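Reproduced below: upload-v1.pdb, with PDB, C-alpha atoms.
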```pdb
MODEL        1
ATOM      1  CA  GLY A   5      70.579  55.137  91.022
ATOM      2  CA  LYS A   6      74.276  55.608  90.549
ATOM      3  CA  SER A   7      75.526  58.013  87.933
ATOM      4  CA  PRO A   8      77.186  56.236  85.015
ATOM      5  CA  SER A   9      80.971  56.240  85.312
ATOM      6  CA  ILE A  10      83.193  57.459  82.526
ATOM      7  CA  LYS A  11      86.435  55.705  81.718
ATOM      8  CA  ILE A  12      89.181  57.838  80.220
ATOM      9  CA  ASP A  13      91.790  55.724  78.484
ATOM     10  CA  TRP A  14      94.229  58.519  77.686
ATOM     11  CA  LEU A  15      95.180  61.932  78.982
ATOM     12  CA  PRO A  16      97.897  64.085  77.421
ATOM     13  CA  SER A  17     101.150  64.339  79.332
ATOM     14  CA  TYR A  18     102.891  67.617  80.038
ATOM     15  CA  SER A  19     105.302  67.090  77.141
ATOM     16  CA  GLU A  20     102.332  66.523  74.838
ATOM     17  CA  LEU A  21     100.729  69.733  76.073
ATOM     18  CA  LYS A  22     103.910  71.613  75.211
ATOM     19  CA  ALA A  23     104.020  69.923  71.820
ATOM     20  CA  ALA A  24     100.419  71.001  71.239
ATOM     21  CA  LEU A  25     101.404  74.639  71.669
ATOM     22  CA  GLU A  26     104.149  74.171  69.105
ATOM     23  CA  THR A  27     101.650  72.539  66.760
ATOM     24  CA  TYR A  28      99.481  75.629  67.050
ATOM     25  CA  GLY A  29     102.510  77.605  65.912
ATOM     26  CA  PHE A  30     103.051  79.094  69.354
ATOM     27  CA  LEU A  31     106.527  80.168  70.344
ATOM     28  CA  PHE A  32     107.406  82.306  73.292
ATOM     29  CA  HIS A  33     110.840  83.731  73.699
ATOM     30  CA  SER A  34     112.728  85.940  76.079
ATOM     31  CA  PRO A  35     112.455  89.473  74.685
ATOM     32  CA  THR A  36     115.638  91.451  74.272
ATOM     33  CA  GLU A  37     116.166  94.772  75.985
ATOM     34  CA  ASP A  38     115.290  96.441  72.695
ATOM     35  CA  SER A  39     111.886  94.771  72.478
ATOM     36  CA  SER A  40     108.975  97.158  72.584
ATOM     37  CA  ASP A  41     106.458  94.426  73.272
ATOM     38  CA  THR A  42     106.155  90.871  74.468
ATOM     39  CA  GLU A  43     105.130  88.972  71.382
ATOM     40  CA  MET A  44     103.800  85.502  70.817
ATOM     41  CA  ILE A  45     104.267  84.102  67.336
ATOM     42  CA  PHE A  46     101.521  81.981  65.826
ATOM     43  CA  GLY A  47     103.162  80.613  62.736
ATOM     44  CA  ASP A  48     100.042  79.101  61.175
ATOM     45  CA  SER A  49      97.897  82.196  61.560
ATOM     46  CA  GLU A  50      97.881  84.445  58.510
ATOM     47  CA  SER A  51      95.650  86.998  60.210
ATOM     48  CA  GLY A  52      97.925  87.318  63.231
ATOM     49  CA  GLU A  53      95.136  86.068  65.496
ATOM     50  CA  ALA A  54      95.425  83.109  67.827
ATOM     51  CA  PRO A  55      94.130  79.736  66.566
ATOM     52  CA  GLN A  56      90.646  78.823  67.758
ATOM     53  CA  ASN A  57      91.740  75.705  69.637
ATOM     54  CA  ILE A  58      94.155  77.603  71.877
ATOM     55  CA  ARG A  59      91.073  78.268  74.039
ATOM     56  CA  THR A  60      90.574  74.513  74.411
ATOM     57  CA  TRP A  61      94.206  74.108  75.469
ATOM     58  CA  ILE A  62      93.768  76.804  78.139
ATOM     59  CA  LYS A  63      90.548  75.237  79.445
ATOM     60  CA  TYR A  64      92.161  71.794  79.592
ATOM     61  CA  VAL A  65      95.102  73.071  81.650
ATOM     62  CA  ALA A  66      92.702  74.881  83.981
ATOM     63  CA  ALA A  67      90.462  71.832  84.410
ATOM     64  CA  PHE A  68      93.222  69.407  85.294
ATOM     65  CA  SER A  69      94.866  71.896  87.611
ATOM     66  CA  ARG A  70      91.699  71.731  89.712
ATOM     67  CA  TYR A  71      91.731  67.946  90.065
ATOM     68  CA  ARG A  72      95.170  67.344  91.483
ATOM     69  CA  ASN A  73      93.788  65.027  94.177
ATOM     70  CA  VAL A  74      92.037  62.890  91.557
ATOM     71  CA  HIS A  75      94.668  62.782  88.839
ATOM     72  CA  CYS A  76      97.924  64.684  89.193
ATOM     73  CA  THR A  77      98.844  65.526  85.608
ATOM     74  CA  PHE A  78     101.623  68.006  86.410
ATOM     75  CA  THR A  79     104.674  67.983  88.631
ATOM     76  CA  ILE A  80     105.424  71.056  90.738
ATOM     77  CA  SER A  81     108.063  72.324  88.300
ATOM     78  CA  GLU A  82     105.727  71.741  85.342
ATOM     79  CA  ALA A  83     102.942  73.659  87.062
ATOM     80  CA  GLU A  84     105.401  76.494  87.716
ATOM     81  CA  GLU A  85     106.274  76.617  84.027
ATOM     82  CA  LEU A  86     102.605  76.623  83.072
ATOM     83  CA  VAL A  87     101.980  79.656  85.285
ATOM     84  CA  VAL A  88     104.776  81.437  83.408
ATOM     85  CA  VAL A  89     103.251  80.397  80.067
ATOM     86  CA  ILE A  90      99.833  81.743  81.074
ATOM     87  CA  ILE A  91     101.360  85.067  82.152
ATOM     88  CA  CYS A  92     103.141  85.293  78.795
ATOM     89  CA  LEU A  93      99.851  84.595  77.029
ATOM     90  CA  LEU A  94      98.179  87.343  79.058
ATOM     91  CA  LEU A  95     100.802  89.764  77.765
ATOM     92  CA  ASP A  96     100.009  88.919  74.152
ATOM     93  CA  ARG A  97      97.678  91.532  72.683
ATOM     94  CA  GLN A  98      96.419  88.968  70.152
ATOM     95  CA  LEU A  99      94.815  87.054  73.023
ATOM     96  CA  LEU A 100      92.884  89.880  74.685
ATOM     97  CA  GLY A 101      89.671  88.049  73.840
ATOM     98  CA  LEU A 102      90.821  85.119  75.975
ATOM     99  CA  SER A 103      91.585  87.185  79.084
ATOM    100  CA  VAL A 104      88.758  85.652  81.131
ATOM    101  CA  ASP A 105      89.830  82.096  80.290
ATOM    102  CA  LEU A 106      93.478  82.923  80.937
ATOM    103  CA  ASN A 107      92.697  84.482  84.319
ATOM    104  CA  GLU A 108      90.635  81.458  85.333
ATOM    105  CA  CYS A 109      93.461  79.183  84.222
ATOM    106  CA  MET A 110      96.006  81.157  86.220
ATOM    107  CA  LEU A 111      93.877  80.956  89.358
ATOM    108  CA  ALA A 112      93.444  77.217  88.879
ATOM    109  CA  LEU A 113      97.192  76.754  88.453
ATOM    110  CA  VAL A 114      98.052  78.873  91.490
ATOM    111  CA  ASN A 115      95.530  76.920  93.567
ATOM    112  CA  PHE A 116      97.191  73.706  92.365
ATOM    113  CA  PHE A 117      99.971  74.366  94.890
ATOM    114  CA  THR A 118      99.752  73.866  98.625
ATOM    115  CA  ASP A 119     100.641  76.902 100.735
ATOM    116  CA  ASP A 120     104.069  75.479 101.572
ATOM    117  CA  GLU A 121     104.777  74.633  97.929
ATOM    118  CA  TRP A 122     103.691  78.073  96.770
ATOM    119  CA  ASN A 123     106.070  79.886  99.108
ATOM    120  CA  PHE A 124     108.921  78.413  97.071
ATOM    121  CA  SER A 125     107.268  78.089  93.660
ATOM    122  CA  CYS A 126     106.054  81.687  93.676
ATOM    123  CA  VAL A 127     109.670  82.861  93.750
ATOM    124  CA  GLN A 128     110.632  80.513  90.902
ATOM    125  CA  VAL A 129     107.739  81.742  88.751
ATOM    126  CA  ALA A 130     108.554  85.376  89.512
ATOM    127  CA  LYS A 131     112.222  84.920  88.608
ATOM    128  CA  SER A 132     111.274  83.309  85.303
ATOM    129  CA  VAL A 133     108.770  86.035  84.406
ATOM    130  CA  ALA A 134     111.232  88.783  85.376
ATOM    131  CA  SER A 135     113.885  87.272  83.111
ATOM    132  CA  ARG A 136     111.505  87.325  80.133
ATOM    133  CA  VAL A 137     109.986  90.798  80.179
ATOM    134  CA  PRO A 138     111.871  93.885  78.972
ATOM    135  CA  LYS A 139     112.375  96.700  81.465
ATOM    136  CA  ASP A 140     109.711  98.933  79.945
ATOM    137  CA  MET A 141     105.927  99.221  80.185
ATOM    138  CA  ASN A 142     105.706  95.478  79.593
ATOM    139  CA  SER A 143     107.208  94.952  83.027
ATOM    140  CA  LEU A 144     104.237  96.818  84.503
ATOM    141  CA  ARG A 145     101.837  94.793  82.369
ATOM    142  CA  ALA A 146     103.464  91.586  83.623
ATOM    143  CA  VAL A 147     102.701  92.665  87.183
ATOM    144  CA  GLU A 148      99.278  94.167  86.630
ATOM    145  CA  CYS A 149      97.957  91.207  84.631
ATOM    146  CA  ILE A 150      98.057  89.127  87.825
ATOM    147  CA  PRO A 151      94.557  89.126  89.375
ATOM    148  CA  ALA A 152      95.210  90.022  93.026
ATOM    149  CA  VAL A 153      92.104  88.255  94.302
ATOM    150  CA  HIS A 154      93.546  86.199  97.164
ATOM    151  CA  GLY A 155      96.719  85.649  99.145
ATOM    152  CA  PRO A 156      98.664  83.458  96.676
ATOM    153  CA  THR A 157      98.046  85.710  93.652
ATOM    154  CA  LYS A 158      98.793  88.828  95.691
ATOM    155  CA  LEU A 159     102.080  87.253  96.729
ATOM    156  CA  LEU A 160     102.856  86.433  93.085
ATOM    157  CA  ARG A 161     102.143  90.003  92.016
ATOM    158  CA  SER A 162     104.400  91.351  94.757
ATOM    159  CA  GLU A 163     107.175  88.858  94.027
ATOM    160  CA  ILE A 164     107.203  89.540  90.277
ATOM    161  CA  ALA A 165     107.446  93.276  90.962
ATOM    162  CA  LEU A 166     110.385  92.695  93.324
ATOM    163  CA  ARG A 167     112.203  90.383  90.894
ATOM    164  CA  ILE A 168     111.863  92.880  88.052
ATOM    165  CA  LEU A 169     113.200  95.605  90.348
ATOM    166  CA  LEU A 170     116.143  93.407  91.302
ATOM    167  CA  GLY A 171     116.817  92.945  87.591
ATOM    168  CA  CYS A 172     116.792  96.704  87.042
ATOM    169  CA  PHE A 173     119.577  97.131  89.590
ATOM    170  CA  ASP A 174     121.384  93.820  89.145
ATOM    171  CA  LYS A 175     124.684  95.332  87.976
ATOM    172  CA  ILE A 176     124.840  97.722  90.924
ATOM    173  CA  ILE A 177     123.901  94.963  93.353
ATOM    174  CA  VAL A 178     126.591  92.652  91.957
ATOM    175  CA  GLU A 179     129.185  95.381  92.472
ATOM    176  CA  ILE A 180     128.022  95.861  96.050
ATOM    177  CA  ILE A 181     128.160  92.115  96.670
ATOM    178  CA  HIS A 182     131.742  91.950  95.442
ATOM    179  CA  PHE A 183     132.703  94.978  97.509
ATOM    180  CA  THR A 184     131.146  93.747 100.745
ATOM    181  CA  GLN A 185     131.789  90.005 100.394
ATOM    182  CA  GLU A 186     134.619  90.095 102.916
ATOM    183  CA  LEU A 187     132.677  92.241 105.381
ATOM    184  CA  LEU A 188     129.373  90.349 105.486
ATOM    185  CA  GLY A 189     128.607  86.674 105.771
ATOM    186  CA  SER A 190     127.019  85.212 102.662
ATOM    187  CA  ALA A 191     123.773  84.477 104.502
ATOM    188  CA  ASP A 192     123.386  88.074 105.675
ATOM    189  CA  LEU A 193     124.264  89.381 102.230
ATOM    190  CA  GLU A 194     121.773  87.089 100.568
ATOM    191  CA  THR A 195     119.052  88.292 102.931
ATOM    192  CA  ILE A 196     119.752  91.923 102.059
ATOM    193  CA  VAL A 197     119.514  91.160  98.341
ATOM    194  CA  GLU A 198     116.476  88.891  98.576
ATOM    195  CA  ASN A 199     114.373  91.193 100.728
ATOM    196  CA  GLY A 200     114.974  94.117  98.402
ATOM    197  CA  GLU A 201     116.695  96.316 100.972
ATOM    198  CA  GLU A 202     119.481  97.275  98.576
ATOM    199  CA  VAL A 203     117.024  98.025  95.761
ATOM    200  CA  ILE A 204     115.001 100.449  97.848
ATOM    201  CA  ARG A 205     118.217 102.053  99.100
ATOM    202  CA  GLN A 206     119.341 102.602  95.509
ATOM    203  CA  LEU A 207     116.019 104.281  94.751
ATOM    204  CA  THR A 208     116.547 106.775  97.561
ATOM    205  CA  LEU A 209     119.976 107.688  96.138
ATOM    206  CA  ILE A 210     118.658 108.762  92.726
ATOM    207  CA  ASN A 211     119.056 112.493  92.090
ATOM    208  CA  LEU A 212     115.696 113.378  90.589
ATOM    209  CA  LYS A 213     116.696 117.025  90.086
ATOM    210  CA  ASP A 214     119.331 115.969  87.569
ATOM    211  CA  LYS A 215     117.913 116.829  84.148
ATOM    212  CA  SER A 216     119.502 113.699  82.698
ATOM    213  CA  CYS A 217     117.473 111.538  85.084
ATOM    214  CA  ASP A 218     115.101 109.337  83.069
ATOM    215  CA  LEU A 219     111.716 109.899  84.706
ATOM    216  CA  PHE A 220     110.138 107.204  82.560
ATOM    217  CA  LYS A 221     112.334 104.677  84.380
ATOM    218  CA  ILE A 222     111.504 106.333  87.687
ATOM    219  CA  TYR A 223     107.805 105.895  86.937
ATOM    220  CA  ILE A 224     108.369 102.194  86.260
ATOM    221  CA  TYR A 225     110.338 101.845  89.513
ATOM    222  CA  LEU A 226     107.557 103.671  91.339
ATOM    223  CA  VAL A 227     104.768 101.397  90.109
ATOM    224  CA  LEU A 228     106.825  98.242  90.606
ATOM    225  CA  THR A 229     107.704  99.209  94.168
ATOM    226  CA  GLU A 230     104.084 100.110  94.864
ATOM    227  CA  ASN A 231     102.991  96.605  93.821
ATOM    228  CA  TRP A 232     105.825  94.996  95.749
ATOM    229  CA  PHE A 233     104.770  96.757  98.966
ATOM    230  CA  LEU A 234     101.011  96.762  98.443
ATOM    231  CA  TYR A 235     100.580  93.020  97.987
ATOM    232  CA  ASN A 236     103.086  91.649 100.494
ATOM    233  CA  PRO A 237     101.619  91.809 104.018
ATOM    234  CA  LEU A 238     104.984  90.873 105.539
ATOM    235  CA  LEU A 239     106.354  94.286 104.551
ATOM    236  CA  GLU A 240     103.835  96.144 106.700
ATOM    237  CA  ASP A 241     105.937  95.551 109.812
ATOM    238  CA  ASN A 242     109.310  96.186 108.165
ATOM    239  CA  GLN A 243     110.004  99.667 109.484
ATOM    240  CA  LEU A 244     113.329 100.108 107.677
ATOM    241  CA  LEU A 245     111.922  99.319 104.234
ATOM    242  CA  ASN A 246     108.843 101.452 104.866
ATOM    243  CA  GLU A 247     110.956 104.414 105.938
ATOM    244  CA  MET A 248     113.135 104.132 102.817
ATOM    245  CA  TRP A 249     110.027 103.772 100.647
ATOM    246  CA  GLY A 250     108.621 106.916 102.236
ATOM    247  CA  LEU A 251     111.903 108.738 101.587
ATOM    248  CA  PHE A 252     111.835 107.754  97.915
ATOM    249  CA  LEU A 253     108.245 108.966  97.612
ATOM    250  CA  ARG A 254     109.111 112.290  99.248
ATOM    251  CA  ASN A 255     112.011 112.692  96.837
ATOM    252  CA  CYS A 256     109.705 112.043  93.878
ATOM    253  CA  SER A 257     107.144 114.458  95.240
ATOM    254  CA  CYS A 258     109.496 117.273  96.285
ATOM    255  CA  GLN A 259     112.512 117.097  93.972
ATOM    256  CA  ILE A 260     110.417 117.305  90.804
ATOM    257  CA  ASN A 261     109.187 120.851  90.379
ATOM    258  CA  ILE A 262     105.652 121.497  89.169
ATOM    259  CA  THR A 263     107.122 123.393  86.207
ATOM    260  CA  ASP A 264     109.424 120.494  85.267
ATOM    261  CA  SER A 265     108.945 119.927  81.535
ATOM    262  CA  ARG A 266     110.513 116.474  81.403
ATOM    263  CA  SER A 267     108.391 113.637  80.102
ATOM    264  CA  TYR A 268     106.651 111.749  82.915
ATOM    265  CA  ALA A 269     107.439 114.472  85.479
ATOM    266  CA  PRO A 270     103.737 115.134  86.269
ATOM    267  CA  LYS A 271     102.966 111.406  86.458
ATOM    268  CA  VAL A 272     105.838 110.666  88.824
ATOM    269  CA  ARG A 273     105.141 113.651  91.063
ATOM    270  CA  SER A 274     101.379 113.116  91.329
ATOM    271  CA  LYS A 275     101.598 109.357  91.870
ATOM    272  CA  ALA A 276     104.296 109.757  94.510
ATOM    273  CA  SER A 277     102.233 112.392  96.322
ATOM    274  CA  TYR A 278      99.222 110.079  96.333
ATOM    275  CA  LEU A 279     101.210 107.075  97.579
ATOM    276  CA  LEU A 280     102.966 109.183 100.186
ATOM    277  CA  GLN A 281      99.677 109.785 102.004
ATOM    278  CA  GLY A 282      99.131 106.069 102.559
ATOM    279  CA  THR A 283     102.755 105.480 103.508
ATOM    280  CA  THR A 284     102.664 108.291 106.064
ATOM    281  CA  ASP A 285      99.563 106.764 107.648
ATOM    282  CA  ARG A 286     101.317 103.385 107.844
ATOM    283  CA  LEU A 287     104.353 104.826 109.623
ATOM    284  CA  LEU A 288     102.316 106.746 112.199
TER
ENDMDL
END
```
Represent the structure from my file as structure tokens, please.
Amino acid sequence: GKSPSIKIDWLPSYSELKAALETYGFLFHSPTEDSSDTEMIFGDSESGEAPQNIRTWIKYVAAFSRYRNVHCTFTISEAEELVVVIICLLLDRQLLGLSVDLNECMLALVNFFTDDEWNFSCVQVAKSVASRVPKDMNSLRAVECIPAVHGPTKLLRSEIALRILLGCFDKIIVEIIHFTQELLGSADLETIVENGEEVIRQLTLINLKDKSCDLFKIYIYLVLTENWFLYNPLLEDNQLLNEMWGLFLRNCSCQINITDSRSYAPKVRSKASYLLQGTTDRLL
């Protein structure tokens, strides 16, 4: 016989979902440049641990992201914001025990979008995430917490890495825009900025032999650029960007002496040497 049907009289709206997070005592804010960590504040938790029912909230969001064709609970912009929220939750060390649920929720949310929608929404999510994370190890965590298991999540990982890189060089890029505004059409200029060409060019101009050069920042740039290139298949055929990426890697590998005592010198040199092998193969 037929399975008994279930009638659901009420489902929470997006605004009610947001209110539920606030009820749990959850606040997420944009960290300042001085922040050493991305923190989530659970006001009602004396132990500093997340409330038990936050898991239920995560599972609910994941479940209804999967049934868009049956009941569309979220708009596109709301789904974008939820992806950002889940990434912020993944960065919270208090929620390490919920990593599996959070990853499943992120995948469900990403799959909520059609391919055409995701091409635009991925950029919006990446911009929002990049504006929230400080330019330290948390920026790498924000990239590496994305499970690169299929095309859409790989694209998100690449796009977040690029947007954080753009943020690292935003002041320089703004100066270049002002300087070249009269020489280049706005469309051409926008393309140069958006595809990261100016960022990678700035990386090649860094004098790594200068003892005042912060190799910790260089390491962050290195890992971010690796993720940007590794997970965006469109960059494989971009010869100019690949050549500049190879130049930056050679600089990191050759300009930092093996006896260099600066912090992060061995990490930068060894990682660049490793990545250079794959880049050389790509350019051949």
Given the file shown, determine the residues that the PyMOL selection byres ((chain A and resi 143-148) around 8) selects; report them as a PyMOL selection string. chain A and resi 91-92+95+133-134+137-142+149-151+161-162+164-165+168+224+227-228+231
Quick one: pull the distance between CA of Val272 (chain A) and CA of Glu230 (chain A), Å, one decimal. 12.3 Å
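Note that the spacing between CA of Leu94 (chain A) and CA of Ser267 (chain A) amounts to 28.2 Å.
Among the candidate residues A:Ala276, A:Leu159, A:Leu251, A:Cys258, the one lying nearest to Trp232 (chain A) is A:Leu159, with distances computed using all atoms listed in the file.
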Pick out the closest residue to Thr118 (chain A) from this set: A:Lys158, A:Arg72, A:Lys131, A:Arg136. Count only C-alpha atoms. A:Arg72
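CA of Gly155 (chain A) lies 11.2 Å from CA of Leu111 (chain A).
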Target residues per the PyMOL selection byres ((chain A and resi 280) around 9), formatted as number ranges by chain: A: 249-250, 253-254, 257, 275-279, 281-285
Would you mind telling me which residue in A:Ser17, A:Ser216, A:Ser103, A:Asn246 lies nearest to Ile204 (chain A) when using all atoms listed in the file?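 Looking only at the distances to Ile204 (chain A), the closest residue turns out to be A:Asn246.
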Report as an mmCIF file with C-alpha atoms, in the coordinates of the input all protein, DNA and RNA residues lying within 9 Å of Phe117 (chain A), evaluated on all atoms listed in the file, omitting residues in the same chain fewer than 4 positions from it.
```cif
data_model
loop_
_atom_site.group_PDB
_atom_site.id
_atom_site.type_symbol
_atom_site.label_atom_id
_atom_site.label_comp_id
_atom_site.auth_asym_id
_atom_site.auth_seq_id
_atom_site.Cartn_x
_atom_site.Cartn_y
_atom_site.Cartn_z
ATOM 1 C CA ILE A 80 105.424 71.056 90.738
ATOM 2 C CA ALA A 83 102.942 73.659 87.062
ATOM 3 C CA LEU A 113 97.192 76.754 88.453
ATOM 4 C CA GLU A 121 104.777 74.633 97.929
ATOM 5 C CA TRP A 122 103.691 78.073 96.770
ATOM 6 C CA SER A 125 107.268 78.089 93.660
#
```
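Nearest to Cys217 (chain A) of all the residues A:Leu100, A:Leu245, A:Cys172, A:Ile260 is A:Ile260, based on all atoms listed in the file.
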Rebuild region 215-245 of chain A to N, CA and C atoms - output it as a compact mmCIF listing (two decimals), in the coordinates of the input, please.
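After the write, result36.txt holds the following:
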```txt
# COMPACT_ATOMS: atom_id res chain seq x y z
N LYS A 215 118.71 116.79 85.37
CA LYS A 215 117.91 116.83 84.15
C LYS A 215 118.15 115.61 83.26
N SER A 216 119.24 114.90 83.49
CA SER A 216 119.50 113.70 82.70
C SER A 216 118.81 112.47 83.29
N CYS A 217 118.18 112.65 84.44
CA CYS A 217 117.47 111.54 85.08
C CYS A 217 116.26 111.13 84.24
N ASP A 218 116.18 109.86 83.91
CA ASP A 218 115.10 109.34 83.07
C ASP A 218 113.86 109.10 83.93
N LEU A 219 112.90 110.01 83.86
CA LEU A 219 111.72 109.90 84.71
C LEU A 219 110.76 108.80 84.24
N PHE A 220 110.91 108.36 83.01
CA PHE A 220 110.14 107.20 82.56
C PHE A 220 110.54 105.97 83.37
N LYS A 221 111.85 105.79 83.56
CA LYS A 221 112.33 104.68 84.38
C LYS A 221 111.89 104.84 85.83
N ILE A 222 111.93 106.07 86.31
CA ILE A 222 111.50 106.33 87.69
C ILE A 222 110.04 105.95 87.87
N TYR A 223 109.23 106.25 86.86
CA TYR A 223 107.80 105.90 86.94
C TYR A 223 107.64 104.38 87.02
N ILE A 224 108.42 103.66 86.22
CA ILE A 224 108.37 102.19 86.26
C ILE A 224 108.80 101.69 87.64
N TYR A 225 109.89 102.24 88.17
CA TYR A 225 110.34 101.84 89.51
C TYR A 225 109.25 102.12 90.55
N LEU A 226 108.58 103.25 90.39
CA LEU A 226 107.56 103.67 91.34
C LEU A 226 106.39 102.68 91.36
N VAL A 227 105.91 102.31 90.19
CA VAL A 227 104.77 101.40 90.11
C VAL A 227 105.17 99.99 90.56
N LEU A 228 106.36 99.56 90.18
CA LEU A 228 106.82 98.24 90.61
C LEU A 228 106.95 98.17 92.13
N THR A 229 107.53 99.21 92.71
CA THR A 229 107.70 99.21 94.17
C THR A 229 106.36 99.28 94.87
N GLU A 230 105.44 100.04 94.30
CA GLU A 230 104.08 100.11 94.86
C GLU A 230 103.47 98.72 94.94
N ASN A 231 103.57 97.95 93.85
CA ASN A 231 102.99 96.60 93.82
C ASN A 231 103.73 95.66 94.75
N TRP A 232 105.03 95.82 94.84
CA TRP A 232 105.82 95.00 95.75
C TRP A 232 105.36 95.20 97.19
N PHE A 233 105.18 96.45 97.59
CA PHE A 233 104.77 96.76 98.97
C PHE A 233 103.29 96.47 99.21
N LEU A 234 102.46 96.83 98.25
CA LEU A 234 101.01 96.76 98.44
C LEU A 234 100.51 95.34 98.67
N TYR A 235 101.12 94.37 97.97
CA TYR A 235 100.58 93.02 97.99
C TYR A 235 101.40 92.03 98.81
N ASN A 236 102.34 92.53 99.60
CA ASN A 236 103.09 91.65 100.49
C ASN A 236 102.84 92.09 101.94
N PRO A 237 101.96 91.39 102.65
CA PRO A 237 101.62 91.81 104.02
C PRO A 237 102.80 91.77 104.98
N LEU A 238 103.82 90.97 104.65
CA LEU A 238 104.98 90.87 105.54
C LEU A 238 105.77 92.18 105.60
N LEU A 239 105.61 93.03 104.58
CA LEU A 239 106.35 94.29 104.55
C LEU A 239 105.73 95.36 105.44
N GLU A 240 104.51 95.14 105.88
CA GLU A 240 103.84 96.14 106.70
C GLU A 240 104.59 96.42 107.99
N ASP A 241 105.24 95.40 108.53
CA ASP A 241 105.94 95.55 109.81
C ASP A 241 107.43 95.80 109.65
N ASN A 242 107.89 95.94 108.40
CA ASN A 242 109.31 96.19 108.16
C ASN A 242 109.54 97.70 108.16
N GLN A 243 109.90 98.21 109.32
CA GLN A 243 110.00 99.67 109.48
C GLN A 243 111.09 100.27 108.60
N LEU A 244 112.22 99.57 108.47
CA LEU A 244 113.33 100.11 107.68
C LEU A 244 112.92 100.28 106.22
N LEU A 245 112.34 99.24 105.63
CA LEU A 245 111.92 99.32 104.23
C LEU A 245 110.84 100.37 104.04
```
